[in-house]
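The block underneath contains the structure these notes are about, expressed in structure tokens.
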Amino acid sequence: MKLPLLRLSFFSNFFVLVLILFMSSSCSSKEVVDLIVHNAKVYTVDTDFSIQEAFAIRDGKFVEIGKSNAILAKYTSARVVDAQKKYILPGIIDAHAHLYWLGQKLEEADVSKAKSFSEVITILQQYREANPDKKWIKGYGWNQNNWNPATLPTKELLDEAFPDVPVFLKRIDEHVALVNQKALSEARINQYSKMPKGGTLGVYENEGEKGKLNKEKGLKGLNGLLYETAINLATEKMPPLTEEEMKRAFQGAEKVCFQNGVTSVGDALMDKTMFELLDSMHREESLKLRVYAMINPTEENQDYFLEKGTIKTERLHAGALKLFADGTLGSYGAAMLEAYSDSASMYGAMWRSTDEYRQLIKKFADKGFQVNTHCIGDSANRIFLDLYSEFLGTEENKNKDLRWRIEHAQVVHSNDLEKFKKFKIIPSVQPTHAISDMPWVETRLGRVRMGHAYAYRELYEQNNIIAFGTDFPIESVNPFGTFHAAVARQDGLGNPKDGFQMENAVTREVALKAMTIWAAYAAFEEKEKGSIEAGKFADFILIDTDIMKTDNRILRNTHVLQTYVNGQMVYISEF
Ligand SMILES: [Zn+2]
């Protein structure tokens, strides 16, 4: 019997893919499978958290997991991978991220490394030179907390450097954007613009030169800052991406995910158009990443998804409603019970009235959708925990397995923690946020509130479950950054030396489960993925570091050597 020749890329000296092109007669009693991986240290993340050596895969699923000898004795395959004692994990599941934004960003100017606003301008000028045809200059990632002085920028320098082309720059948290005058004009944004709910336009506070513009009318000049939903006033006026560009964005994002070992993503803001595009890309096999979709409840999306109900294919699952309770701490938008410690007049704000939220929740919950809400401030968390309890605490729902989630759960008042337990609410958090915010957040929150901020262990202990994500592209896609942040509570340089609020660090086992099986559970998908067990999708990654054992200092540098989805190799490291 002749088997088709397989063309496989060889992985330098580290790996040899052994091709058994002819099955000898002695093998004929063996069961034929599509792929065998052996001689590995496999963290299966099964119920016993067992460590194995080998597995066999057929039709995109794990068939059996066990010792190398046993698997090689029982199965045969044209594709056998000797992992040479390297480490295998289930494919990483990022519970909360933004695929499309990541894809778009790959085409935009990254100003996140700028140490001052004039550096931002320099980066944009270089970007302009490299991309002379772009109708808008779009950039992202500025963070005034990295500058000295740490003040919010306004548009004057942008106007000087770019008088003729619209510039649009999102802050690191995506909750504030800075635009130049050309962008304001093109998007017809002025003091009379009809403001979407929850949005604000920045104005010059002192009545200096720039503020005089509309003084007679009692209006202050716009300073170019767009807060929260006011950002939409600009984005709506940008030329829309073509379908080709959107596909390229998704494929670009998928590539970065696979390089980082991420095989599934919880997309935390999905629209109908994107959902249909993802579905068609999956069908034509131009996209392989699995996506759990949380629906953005615009009118159009409500019509579409409420009519269809939850939708599930092997790779795409529309299962949740996504709500935003509030903004972020970085932009003073998170809704707090007490004023910000470094700005006595600011409390942040909720985006909608409680009654509006209640109605949306009811509509989607009646159709079987999970409810996942972005809550950062302690007031936002309280309002939503209480709102959830109205639904989850009823006689009818009390014993149902509804798994509603709070996304971020960043500052939770100690009186509210036990509500997670009582109503079996899943905290879905991003450990790298704690590390990114660590340098300035104590000033913003004060000592007392800090005690229950980024409190992942406390949250985990409510129901012994927690899901981890990155919120990429706000943070890096690298899941080992998440892992390191969760267990060592340090940045990439190992600071602070003793970790940031170590009482809220979690164990390595908890961290790995939060990125695999619990992230699957948080999307009602734990029966098909999240661990290496017979019958589950063969999504797994081969890495060069034993993350369960190695020193904290090198966790973040873990390299993904190979990534597999459905037993197919979708990424192999170049080095
Ligand atoms: Zn998000």
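Simple scheme: letters A, B, ... for chains in structure tokens order, numbers from 1 for residues in each chain, numbers from 1 for ligands in the order shown.
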Grab me every residue within 7 Å of ligand 1, counting only C-alpha atoms and all ligand atoms, and send it over as a PDB file with N, CA and C atoms, in the first residue's frame.
```
ATOM      1  N   HIS A  96     -10.876  36.519  26.869  1.00  0.00           N
ATOM      2  CA  HIS A  96     -11.401  37.855  26.559  1.00  0.00           C
ATOM      3  C   HIS A  96     -10.383  38.619  25.736  1.00  0.00           C
ATOM      4  N   ALA A  97     -10.704  38.832  24.474  1.00  0.00           N
ATOM      5  CA  ALA A  97      -9.783  39.564  23.616  1.00  0.00           C
ATOM      6  C   ALA A  97     -10.566  40.158  22.455  1.00  0.00           C
ATOM      7  N   HIS A  98      -9.848  40.832  21.565  1.00  0.00           N
ATOM      8  CA  HIS A  98     -10.506  41.502  20.442  1.00  0.00           C
ATOM      9  C   HIS A  98      -9.733  41.227  19.171  1.00  0.00           C
ATOM     10  N   ALA A 268     -14.656  39.685  22.600  1.00  0.00           N
ATOM     11  CA  ALA A 268     -15.506  40.392  23.553  1.00  0.00           C
ATOM     12  C   ALA A 268     -16.306  41.551  22.961  1.00  0.00           C
ATOM     13  N   ASP A 471      -7.249  40.600  26.879  1.00  0.00           N
ATOM     14  CA  ASP A 471      -7.848  41.809  26.316  1.00  0.00           C
ATOM     15  C   ASP A 471      -6.995  42.338  25.162  1.00  0.00           C
TER      16      ASP A 471
END
```
>> So that I can check the surroundings of stretch 117-127 of chain A, please list as a PyMOL selection string every protein, DNA and RNA residue that reaches within 8 Å of it, counting only C-alpha atoms and ignoring chain neighbours fewer than 5 positions away.
In response: chain A and resi 109-111+137+139+142+147+153+157-158+161
Could you save those same residues with C-alpha atoms as an mmCIF file, in the first residue's frame?
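Saved to result-v9.cif:
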```
data_model
loop_
_atom_site.group_PDB
_atom_site.id
_atom_site.type_symbol
_atom_site.label_atom_id
_atom_site.label_comp_id
_atom_site.auth_asym_id
_atom_site.auth_seq_id
_atom_site.Cartn_x
_atom_site.Cartn_y
_atom_site.Cartn_z
ATOM 1 C CA ALA A 109 0.965 53.130 13.931
ATOM 2 C CA ASP A 110 2.058 51.775 17.309
ATOM 3 C CA VAL A 111 2.862 54.698 19.628
ATOM 4 C CA ILE A 137 -3.380 58.207 9.982
ATOM 5 C CA GLY A 139 -2.458 54.957 15.695
ATOM 6 C CA TRP A 142 -0.463 56.232 23.869
ATOM 7 C CA TRP A 147 5.266 60.615 30.135
ATOM 8 C CA PRO A 153 -2.409 65.404 25.572
ATOM 9 C CA LEU A 157 1.048 69.571 18.302
ATOM 10 C CA LEU A 158 -0.871 67.192 16.055
ATOM 11 C CA ALA A 161 2.614 68.421 12.369
#
```
> Expressed in Å to a single decimal, how great is the separation between atom CA of A:Ser531 and atom CA of A:His484?
Replying inline: 20.3 Å
>> If we count only C-alpha atoms and set the cut-off at 12 Å, which residues sit around A:Ser50, ignoring sequence neighbours fewer than 4 positions away in its own chain? Please answer as JSON, numbers by chain.
In response: {"A": [41, 42, 43, 44, 45, 46, 65, 66, 67, 89, 509, 531, 532, 533]}
Output the selection as a CSV table (one decimal), in the first residue's frame - C-alpha atoms for each residue.
```csv
chain,number,residue,atom,x,y,z
A,41,LYS,CA,6.0,15.9,28.8
A,42,VAL,CA,2.3,16.5,28.3
A,43,TYR,CA,0.3,18.6,30.8
A,44,THR,CA,-3.1,17.3,29.9
A,45,VAL,CA,-5.1,19.6,32.3
A,46,ASP,CA,-7.5,16.7,32.7
A,65,ILE,CA,-3.4,9.7,25.8
A,66,GLY,CA,-0.8,7.7,27.7
A,67,LYS,CA,2.8,6.5,28.0
A,89,LEU,CA,-0.1,22.1,26.7
A,509,GLU,CA,-2.0,25.0,38.3
A,531,SER,CA,-7.6,19.8,27.9
A,532,ILE,CA,-5.9,16.9,26.3
A,533,GLU,CA,-8.4,14.1,26.7
```
>> Can you pull out every residue from stretch 283-407 of chain A that DSSP, working from the backbone, puts in helix (DSSP H, G or I), and format the result as an MDAnalysis selection string?
In response: chainID A and resid 283 299:308 354:366 378:392
Let me see the file: selected residues, C-alpha atoms, as a PDB file, in the first residue's frame.
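The new file again15.pdb reads:
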```pdb
ATOM      1  CA  ARG A 283     -16.203  27.281   5.962  1.00  0.00           C
ATOM      2  CA  GLU A 299     -30.036  47.461  17.037  1.00  0.00           C
ATOM      3  CA  GLU A 300     -28.820  45.548  14.000  1.00  0.00           C
ATOM      4  CA  ASN A 301     -27.091  42.882  16.073  1.00  0.00           C
ATOM      5  CA  GLN A 302     -30.104  42.479  18.335  1.00  0.00           C
ATOM      6  CA  ASP A 303     -32.384  41.873  15.359  1.00  0.00           C
ATOM      7  CA  TYR A 304     -30.013  39.294  13.950  1.00  0.00           C
ATOM      8  CA  PHE A 305     -28.953  37.349  17.030  1.00  0.00           C
ATOM      9  CA  LEU A 306     -32.219  37.490  18.971  1.00  0.00           C
ATOM     10  CA  GLU A 307     -33.963  36.042  15.960  1.00  0.00           C
ATOM     11  CA  LYS A 308     -31.388  33.271  15.496  1.00  0.00           C
ATOM     12  CA  THR A 354     -29.819  50.195  35.208  1.00  0.00           C
ATOM     13  CA  ASP A 355     -33.199  49.756  33.617  1.00  0.00           C
ATOM     14  CA  GLU A 356     -31.771  49.740  30.109  1.00  0.00           C
ATOM     15  CA  TYR A 357     -29.285  47.083  31.166  1.00  0.00           C
ATOM     16  CA  ARG A 358     -32.069  45.082  32.786  1.00  0.00           C
ATOM     17  CA  GLN A 359     -34.102  45.069  29.582  1.00  0.00           C
ATOM     18  CA  LEU A 360     -31.168  44.050  27.409  1.00  0.00           C
ATOM     19  CA  ILE A 361     -30.240  41.276  29.792  1.00  0.00           C
ATOM     20  CA  LYS A 362     -33.795  39.977  29.829  1.00  0.00           C
ATOM     21  CA  LYS A 363     -34.077  39.937  26.047  1.00  0.00           C
ATOM     22  CA  PHE A 364     -30.861  37.989  25.572  1.00  0.00           C
ATOM     23  CA  ALA A 365     -31.221  35.738  28.606  1.00  0.00           C
ATOM     24  CA  ASP A 366     -34.680  34.686  27.422  1.00  0.00           C
ATOM     25  CA  ASP A 378     -16.407  48.993  42.458  1.00  0.00           C
ATOM     26  CA  SER A 379     -19.709  50.764  41.770  1.00  0.00           C
ATOM     27  CA  ALA A 380     -20.040  49.120  38.336  1.00  0.00           C
ATOM     28  CA  ASN A 381     -19.253  45.725  39.858  1.00  0.00           C
ATOM     29  CA  ARG A 382     -21.816  46.226  42.617  1.00  0.00           C
ATOM     30  CA  ILE A 383     -24.558  47.392  40.267  1.00  0.00           C
ATOM     31  CA  PHE A 384     -24.024  44.400  37.994  1.00  0.00           C
ATOM     32  CA  LEU A 385     -23.612  41.798  40.682  1.00  0.00           C
ATOM     33  CA  ASP A 386     -26.957  43.003  42.045  1.00  0.00           C
ATOM     34  CA  LEU A 387     -28.533  43.147  38.617  1.00  0.00           C
ATOM     35  CA  TYR A 388     -27.310  39.625  37.834  1.00  0.00           C
ATOM     36  CA  SER A 389     -28.713  38.453  41.170  1.00  0.00           C
ATOM     37  CA  GLU A 390     -32.213  39.577  40.125  1.00  0.00           C
ATOM     38  CA  PHE A 391     -32.041  36.979  37.356  1.00  0.00           C
ATOM     39  CA  LEU A 392     -29.767  34.323  38.791  1.00  0.00           C
TER      40      LEU A 392
END
```
> From the set A:Ala95, A:Ile57, A:Val32, A:Met270, which residue has the shortest atom-to-atom contact distance to A:Phe537, counting only C-alpha atoms?
Replying inline: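 Closest residue, counting only C-alpha atoms: A:Ile57.
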